[in-house]
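*Asks:* If it helps, the file is called run-v8.cif and holds mmCIF, C-alpha atoms, pLDDT in the B column; chains and numbers go by the auth columns:
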data_model
loop_
_atom_site.group_PDB
_atom_site.id
_atom_site.type_symbol
_atom_site.label_atom_id
_atom_site.label_comp_id
_atom_site.label_asym_id
_atom_site.label_seq_id
_atom_site.Cartn_x
_atom_site.Cartn_y
_atom_site.Cartn_z
_atom_site.B_iso_or_equiv
_atom_site.auth_seq_id
_atom_site.auth_asym_id
ATOM 1 C CA MET A 1 17.526 -23.336 -23.294 47.00 1 A
ATOM 2 C CA ASN A 2 19.079 -21.564 -20.314 50.00 2 A
ATOM 3 C CA LYS A 3 18.589 -23.777 -17.237 51.00 3 A
ATOM 4 C CA ASN A 4 17.817 -20.643 -15.158 59.00 4 A
ATOM 5 C CA TYR A 5 15.036 -19.577 -17.546 73.00 5 A
ATOM 6 C CA LYS A 6 11.566 -19.467 -16.014 88.00 6 A
ATOM 7 C CA SER A 7 8.420 -19.217 -18.080 93.00 7 A
ATOM 8 C CA ARG A 8 6.266 -16.366 -16.759 94.00 8 A
ATOM 9 C CA CYS A 9 2.828 -14.926 -17.420 91.00 9 A
ATOM 10 C CA PHE A 10 2.712 -13.406 -20.908 89.00 10 A
ATOM 11 C CA TRP A 11 2.121 -9.861 -19.632 90.00 11 A
ATOM 12 C CA VAL A 12 5.444 -9.596 -17.763 93.00 12 A
ATOM 13 C CA ASN A 13 7.874 -7.273 -19.513 95.00 13 A
ATOM 14 C CA LEU A 14 11.005 -9.401 -19.361 95.00 14 A
ATOM 15 C CA LYS A 15 13.146 -6.309 -20.026 96.00 15 A
ATOM 16 C CA ASN A 16 11.991 -4.704 -16.773 97.00 16 A
ATOM 17 C CA PRO A 17 13.664 -6.245 -13.676 96.00 17 A
ATOM 18 C CA LEU A 18 11.136 -4.470 -11.402 96.00 18 A
ATOM 19 C CA TYR A 19 8.267 -6.149 -13.219 96.00 19 A
ATOM 20 C CA ILE A 20 9.908 -9.591 -13.107 96.00 20 A
ATOM 21 C CA LYS A 21 10.573 -9.229 -9.374 96.00 21 A
ATOM 22 C CA TYR A 22 6.992 -8.045 -8.746 96.00 22 A
ATOM 23 C CA HIS A 23 5.548 -10.983 -10.692 96.00 23 A
ATOM 24 C CA ASP A 24 7.810 -13.564 -9.052 96.00 24 A
ATOM 25 C CA GLU A 25 7.714 -12.324 -5.458 96.00 25 A
ATOM 26 C CA GLU A 26 4.507 -10.341 -4.915 96.00 26 A
ATOM 27 C CA TRP A 27 1.747 -10.771 -7.491 95.00 27 A
ATOM 28 C CA SER A 28 -1.012 -13.214 -6.572 94.00 28 A
ATOM 29 C CA LYS A 29 0.611 -14.102 -3.248 95.00 29 A
ATOM 30 C CA PRO A 30 -2.089 -14.125 -0.545 97.00 30 A
ATOM 31 C CA CYS A 31 -1.877 -10.879 1.422 98.00 31 A
ATOM 32 C CA ARG A 32 -3.667 -10.362 4.716 98.00 32 A
ATOM 33 C CA ASP A 33 -1.602 -7.459 6.048 98.00 33 A
ATOM 34 C CA ASP A 34 -3.735 -4.302 6.185 98.00 34 A
ATOM 35 C CA LYS A 35 -0.790 -1.983 5.500 98.00 35 A
ATOM 36 C CA LEU A 36 0.064 -3.850 2.282 98.00 36 A
ATOM 37 C CA LEU A 37 -3.599 -4.193 1.321 98.00 37 A
ATOM 38 C CA TYR A 38 -3.950 -0.436 1.756 98.00 38 A
ATOM 39 C CA LYS A 39 -0.840 0.416 -0.248 98.00 39 A
ATOM 40 C CA LEU A 40 -1.933 -1.809 -3.117 97.00 40 A
ATOM 41 C CA LEU A 41 -5.453 -0.368 -3.115 98.00 41 A
ATOM 42 C CA ILE A 42 -4.054 3.165 -3.378 97.00 42 A
ATOM 43 C CA LEU A 43 -1.665 2.182 -6.168 97.00 43 A
ATOM 44 C CA GLU A 44 -4.334 0.217 -8.055 96.00 44 A
ATOM 45 C CA SER A 45 -6.651 3.239 -7.968 96.00 45 A
ATOM 46 C CA PHE A 46 -3.932 5.270 -9.691 96.00 46 A
ATOM 47 C CA GLN A 47 -3.697 2.583 -12.378 93.00 47 A
ATOM 48 C CA ALA A 48 -7.139 3.442 -13.824 88.00 48 A
ATOM 49 C CA GLY A 49 -6.560 4.046 -17.531 87.00 49 A
ATOM 50 C CA LEU A 50 -2.855 3.214 -17.266 91.00 50 A
ATOM 51 C CA SER A 51 -0.703 0.095 -17.178 91.00 51 A
ATOM 52 C CA TRP A 52 0.395 -1.558 -13.953 92.00 52 A
ATOM 53 C CA GLU A 53 3.968 -1.351 -15.203 94.00 53 A
ATOM 54 C CA CYS A 54 3.665 2.453 -15.243 95.00 54 A
ATOM 55 C CA ILE A 55 2.527 2.441 -11.608 96.00 55 A
ATOM 56 C CA LEU A 56 5.129 -0.134 -10.584 96.00 56 A
ATOM 57 C CA ASN A 57 7.900 1.986 -12.089 96.00 57 A
ATOM 58 C CA LYS A 58 6.683 4.930 -9.962 97.00 58 A
ATOM 59 C CA ARG A 59 5.954 2.912 -6.810 97.00 59 A
ATOM 60 C CA GLU A 60 9.012 4.161 -4.926 97.00 60 A
ATOM 61 C CA ASN A 61 8.130 7.763 -5.815 98.00 61 A
ATOM 62 C CA PHE A 62 4.575 7.161 -4.563 98.00 62 A
ATOM 63 C CA ARG A 63 5.955 5.716 -1.316 97.00 63 A
ATOM 64 C CA LYS A 64 7.989 8.878 -0.695 98.00 64 A
ATOM 65 C CA ALA A 65 5.245 11.275 -1.818 98.00 65 A
ATOM 66 C CA TYR A 66 2.610 9.471 0.245 98.00 66 A
ATOM 67 C CA ASP A 67 4.532 9.402 3.530 98.00 67 A
ATOM 68 C CA ASN A 68 5.362 5.692 3.236 98.00 68 A
ATOM 69 C CA PHE A 69 1.619 5.010 2.812 98.00 69 A
ATOM 70 C CA ASP A 70 0.912 6.066 6.387 98.00 70 A
ATOM 71 C CA ILE A 71 -2.884 6.111 6.348 98.00 71 A
ATOM 72 C CA ASN A 72 -3.056 8.329 9.453 98.00 72 A
ATOM 73 C CA LYS A 73 -1.084 11.029 7.652 98.00 73 A
ATOM 74 C CA ILE A 74 -2.870 10.624 4.319 98.00 74 A
ATOM 75 C CA ILE A 75 -6.368 11.098 5.775 98.00 75 A
ATOM 76 C CA LYS A 76 -5.183 14.523 6.985 98.00 76 A
ATOM 77 C CA TYR A 77 -3.834 15.723 3.626 98.00 77 A
ATOM 78 C CA ASP A 78 -4.946 19.296 2.969 98.00 78 A
ATOM 79 C CA ASP A 79 -4.981 21.543 -0.100 98.00 79 A
ATOM 80 C CA LYS A 80 -1.299 22.388 0.358 98.00 80 A
ATOM 81 C CA LYS A 81 -0.337 18.687 0.325 98.00 81 A
ATOM 82 C CA ILE A 82 -2.638 18.033 -2.646 98.00 82 A
ATOM 83 C CA GLN A 83 -0.860 20.819 -4.540 98.00 83 A
ATOM 84 C CA ALA A 84 2.532 19.344 -3.623 98.00 84 A
ATOM 85 C CA LEU A 85 1.380 15.970 -4.994 98.00 85 A
ATOM 86 C CA LEU A 86 0.118 17.646 -8.169 98.00 86 A
ATOM 87 C CA ASN A 87 3.559 19.200 -8.617 98.00 87 A
ATOM 88 C CA ASN A 88 5.407 15.912 -8.000 98.00 88 A
ATOM 89 C CA GLN A 89 6.654 14.696 -11.387 97.00 89 A
ATOM 90 C CA GLY A 90 7.517 11.272 -9.956 97.00 90 A
ATOM 91 C CA ILE A 91 3.885 10.190 -9.482 98.00 91 A
ATOM 92 C CA ILE A 92 0.652 10.244 -11.463 97.00 92 A
ATOM 93 C CA ARG A 93 -0.476 13.856 -11.167 96.00 93 A
ATOM 94 C CA ASN A 94 -4.224 13.471 -11.530 97.00 94 A
ATOM 95 C CA LYS A 95 -6.199 15.684 -9.172 97.00 95 A
ATOM 96 C CA LEU A 96 -9.250 13.393 -9.117 97.00 96 A
ATOM 97 C CA LYS A 97 -7.127 10.344 -8.285 98.00 97 A
ATOM 98 C CA ILE A 98 -5.185 12.229 -5.606 98.00 98 A
ATOM 99 C CA LYS A 99 -8.403 13.422 -3.956 98.00 99 A
ATOM 100 C CA ALA A 100 -9.840 9.896 -4.260 98.00 100 A
ATOM 101 C CA SER A 101 -6.779 8.472 -2.507 98.00 101 A
ATOM 102 C CA ILE A 102 -7.507 10.665 0.514 98.00 102 A
ATOM 103 C CA LYS A 103 -11.242 9.936 0.566 98.00 103 A
ATOM 104 C CA ASN A 104 -10.645 6.217 0.004 98.00 104 A
ATOM 105 C CA SER A 105 -8.192 6.229 2.918 98.00 105 A
ATOM 106 C CA ILE A 106 -10.868 7.567 5.244 98.00 106 A
ATOM 107 C CA ILE A 107 -13.287 4.873 4.054 98.00 107 A
ATOM 108 C CA PHE A 108 -10.580 2.198 4.377 98.00 108 A
ATOM 109 C CA LYS A 109 -10.242 3.168 8.058 98.00 109 A
ATOM 110 C CA GLN A 110 -14.027 3.017 8.485 98.00 110 A
ATOM 111 C CA ILE A 111 -14.022 -0.511 7.043 98.00 111 A
ATOM 112 C CA GLN A 112 -11.209 -1.500 9.421 98.00 112 A
ATOM 113 C CA LYS A 113 -13.242 -0.229 12.356 98.00 113 A
ATOM 114 C CA GLU A 114 -16.419 -1.984 11.194 98.00 114 A
ATOM 115 C CA PHE A 115 -14.819 -5.379 10.426 98.00 115 A
ATOM 116 C CA GLY A 116 -11.781 -5.380 12.729 98.00 116 A
ATOM 117 C CA SER A 117 -9.464 -5.207 9.721 98.00 117 A
ATOM 118 C CA PHE A 118 -9.664 -4.550 6.015 98.00 118 A
ATOM 119 C CA SER A 119 -8.277 -8.042 5.501 98.00 119 A
ATOM 120 C CA LYS A 120 -11.320 -9.598 7.192 98.00 120 A
ATOM 121 C CA TYR A 121 -13.590 -7.463 5.020 98.00 121 A
ATOM 122 C CA ILE A 122 -11.952 -8.216 1.661 98.00 122 A
ATOM 123 C CA TRP A 123 -11.250 -11.914 2.248 98.00 123 A
ATOM 124 C CA ALA A 124 -14.827 -12.542 3.441 98.00 124 A
ATOM 125 C CA PHE A 125 -16.013 -11.990 -0.132 98.00 125 A
ATOM 126 C CA SER A 126 -14.272 -15.232 -1.154 98.00 126 A
ATOM 127 C CA ASP A 127 -15.016 -17.055 2.116 98.00 127 A
ATOM 128 C CA ASN A 128 -11.292 -16.711 2.915 97.00 128 A
ATOM 129 C CA LYS A 129 -10.422 -18.925 -0.040 97.00 129 A
ATOM 130 C CA ILE A 130 -8.071 -18.376 -2.951 95.00 130 A
ATOM 131 C CA ILE A 131 -9.764 -18.540 -6.338 94.00 131 A
ATOM 132 C CA TYR A 132 -7.576 -20.208 -8.949 91.00 132 A
ATOM 133 C CA GLU A 133 -8.102 -19.250 -12.544 85.00 133 A
ATOM 134 C CA SER A 134 -5.918 -18.898 -15.561 71.00 134 A
ATOM 135 C CA CYS A 135 -7.435 -16.117 -17.595 64.00 135 A
ATOM 136 C CA TYR A 136 -5.732 -14.448 -20.479 65.00 136 A
ATOM 137 C CA ILE A 137 -8.360 -11.862 -21.317 69.00 137 A
ATOM 138 C CA ARG A 138 -10.644 -11.427 -18.310 79.00 138 A
ATOM 139 C CA THR A 139 -10.660 -7.991 -16.686 88.00 139 A
ATOM 140 C CA SER A 140 -13.558 -8.455 -14.280 92.00 140 A
ATOM 141 C CA SER A 141 -15.612 -11.150 -12.593 93.00 141 A
ATOM 142 C CA PRO A 142 -18.818 -11.457 -10.596 94.00 142 A
ATOM 143 C CA LEU A 143 -16.615 -11.200 -7.470 97.00 143 A
ATOM 144 C CA SER A 144 -14.936 -7.963 -8.579 97.00 144 A
ATOM 145 C CA ASP A 145 -18.362 -6.608 -9.585 98.00 145 A
ATOM 146 C CA LYS A 146 -19.710 -7.324 -6.094 98.00 146 A
ATOM 147 C CA ILE A 147 -16.740 -5.806 -4.229 98.00 147 A
ATOM 148 C CA SER A 148 -16.611 -2.771 -6.509 98.00 148 A
ATOM 149 C CA LYS A 149 -20.308 -2.146 -5.937 98.00 149 A
ATOM 150 C CA ASP A 150 -19.883 -2.411 -2.160 98.00 150 A
ATOM 151 C CA LEU A 151 -16.851 -0.088 -2.070 98.00 151 A
ATOM 152 C CA LYS A 152 -18.656 2.472 -4.244 98.00 152 A
ATOM 153 C CA LYS A 153 -21.713 2.264 -1.989 98.00 153 A
ATOM 154 C CA ARG A 154 -19.401 3.106 0.913 98.00 154 A
ATOM 155 C CA GLY A 155 -18.166 6.177 -1.016 98.00 155 A
ATOM 156 C CA MET A 156 -14.891 5.037 -2.606 98.00 156 A
ATOM 157 C CA THR A 157 -13.999 6.138 -6.115 97.00 157 A
ATOM 158 C CA PHE A 158 -11.585 4.743 -8.719 97.00 158 A
ATOM 159 C CA VAL A 159 -12.596 1.269 -7.578 97.00 159 A
ATOM 160 C CA GLY A 160 -14.435 0.049 -10.664 96.00 160 A
ATOM 161 C CA THR A 161 -14.708 -3.654 -11.357 97.00 161 A
ATOM 162 C CA THR A 162 -11.581 -3.731 -13.576 95.00 162 A
ATOM 163 C CA ILE A 163 -9.452 -2.028 -10.910 96.00 163 A
ATOM 164 C CA ILE A 164 -10.854 -4.330 -8.223 97.00 164 A
ATOM 165 C CA TYR A 165 -10.255 -7.418 -10.369 96.00 165 A
ATOM 166 C CA SER A 166 -6.639 -6.355 -10.801 94.00 166 A
ATOM 167 C CA TYR A 167 -6.449 -5.680 -7.051 97.00 167 A
ATOM 168 C CA LEU A 168 -7.830 -9.139 -6.216 97.00 168 A
ATOM 169 C CA GLN A 169 -5.147 -10.674 -8.411 95.00 169 A
ATOM 170 C CA ALA A 170 -2.447 -8.519 -6.819 96.00 170 A
ATOM 171 C CA ILE A 171 -3.426 -9.509 -3.262 98.00 171 A
ATOM 172 C CA GLY A 172 -3.821 -13.198 -4.064 96.00 172 A
ATOM 173 C CA ILE A 173 -7.561 -13.653 -3.614 97.00 173 A
ATOM 174 C CA ILE A 174 -7.531 -14.487 -7.311 95.00 174 A
ATOM 175 C CA ASN A 175 -4.494 -16.490 -8.371 92.00 175 A
ATOM 176 C CA ALA A 176 -4.431 -16.074 -12.116 89.00 176 A
ATOM 177 C CA HIS A 177 -0.970 -17.131 -13.228 90.00 177 A
ATOM 178 C CA THR A 178 -1.205 -18.466 -16.757 88.00 178 A
ATOM 179 C CA LYS A 179 -0.779 -22.197 -17.373 87.00 179 A
ATOM 180 C CA ASN A 180 2.662 -21.737 -18.899 88.00 180 A
ATOM 181 C CA CYS A 181 3.921 -19.744 -15.867 91.00 181 A
ATOM 182 C CA PHE A 182 6.254 -21.429 -13.385 93.00 182 A
ATOM 183 C CA LEU A 183 4.007 -20.106 -10.577 92.00 183 A
ATOM 184 C CA TYR A 184 0.780 -21.561 -11.996 89.00 184 A
ATOM 185 C CA LYS A 185 -1.317 -23.632 -9.600 84.00 185 A
ATOM 186 C CA ALA A 186 -4.658 -25.249 -10.171 73.00 186 A
ATOM 187 C CA ASP A 187 -7.255 -25.459 -7.412 65.00 187 A
#
Go ahead and render the structure in this file as structure tokens.
*Replies:*
Amino acid sequence: MNKNYKSRCFWVNLKNPLYIKYHDEEWSKPCRDDKLLYKLLILESFQAGLSWECILNKRENFRKAYDNFDINKIIKYDDKKIQALLNNQGIIRNKLKIKASIKNSIIFKQIQKEFGSFSKYIWAFSDNKIIYESCYIRTSSPLSDKISKDLKKRGMTFVGTTIIYSYLQAIGIINAHTKNCFLYKAD
């Protein structure tokens, strides 16, 4: 066996260097930076019905199309900008998801104002602790159910429990590397 070989979570497409890099350097690493939390929430909402790999492959296009995920610009997007996004072949061109990204941005800012930061809000759901689990099939949890329900109550859309579960894994609240993965840790 190649001495540089690393066993990774089964879902990583080993033929996609972007996916390997994302898994190894970003996924399930605790994130408390509001700008990164925001970017990931926007990208996760576009994932609904699609694979994360699809979104990851378009992430750079999203960054350019969405003004480097500048929330203060995004909350001001008008019909002209929405049309430009709908015409952008480099991103997911779904009108409902695009409109949701703007509305969710406004609500994200409201949460920041209410809690001092989105990080404080989201991490409070787990008492600021990382939840370690190695799940092969799970796509939701009581925690993702609770957060999804709260975000929906606040007016967000495309934040169902499956999307939120994936988001919690992405931002490291849930560390779900599989037992065979070189990044696996038990509580």
*Asks:* Quote the spacing between CA of Lys152 (chain A) and CA of Lys97 (chain A) in Å to one decimal place.
*Replies:*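 We find that CA of Lys152 (chain A) and CA of Lys97 (chain A) lie 14.5 Å from each other.
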*Asks:* Report the distance between CA of Ile107 (chain A) and CA of Lys39 (chain A) in Å, rounded to one decimal place.
*Replies:* 13.9 Å
*Asks:* Given the PyMOL selection byres ((chain A and resi 176) around 10) and the file above, list the residues it selects as an NGL selection string.
*Replies:* :A and (9 or 27-28 or 131-136 or 138 or 168-170 or 172-175 or 177-179 or 181 or 183-186)
*Asks:* Mind giving me the straight-line distance from CA of Gln83 (chain A) to CA of Lys99 (chain A) in Å, one decimal?
*Replies:*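 Straight-line distance from CA of Gln83 (chain A) to CA of Lys99 (chain A) works out to 10.6 Å.
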*Asks:* Can you turn the PyMOL selection byres ((chain A and resi 147) around 12) into a concrete residue list for this file, as an MDAnalysis selection string?
*Replies:* chainID A and resid 121:126 140:146 148:154 156 159:165 167:168
*Asks:* Name the residues that the PyMOL selection byres ((chain A and resi 44) around 9) pulls out of this structure, and write them as a ChimeraX atom specification.
*Replies:* /A:39-43,45-48,52,55,158-159,163-164,166-167
*Asks:* Point out the residue among A:Leu50, A:Leu96, A:Val12, A:Ile106 with the least atom-to-atom distance to Ile71 (chain A), counting all atoms listed in the file.
*Replies:*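 For Ile71 (chain A), the nearest of the given residues is A:Ile106.
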*Asks:* Is it possible to get the axis-aligned box enclosing region 110-113 of chain A (all listed atoms, 4 Å extra per side) as lines of an AutoDock Vina configuration file, with centre and edge lengths in Å rounded to one decimal?
*Replies:*
center_x = -12.6
center_y = 0.8
center_z = 9.7
size_x = 10.8
size_y = 12.5
size_z = 13.3
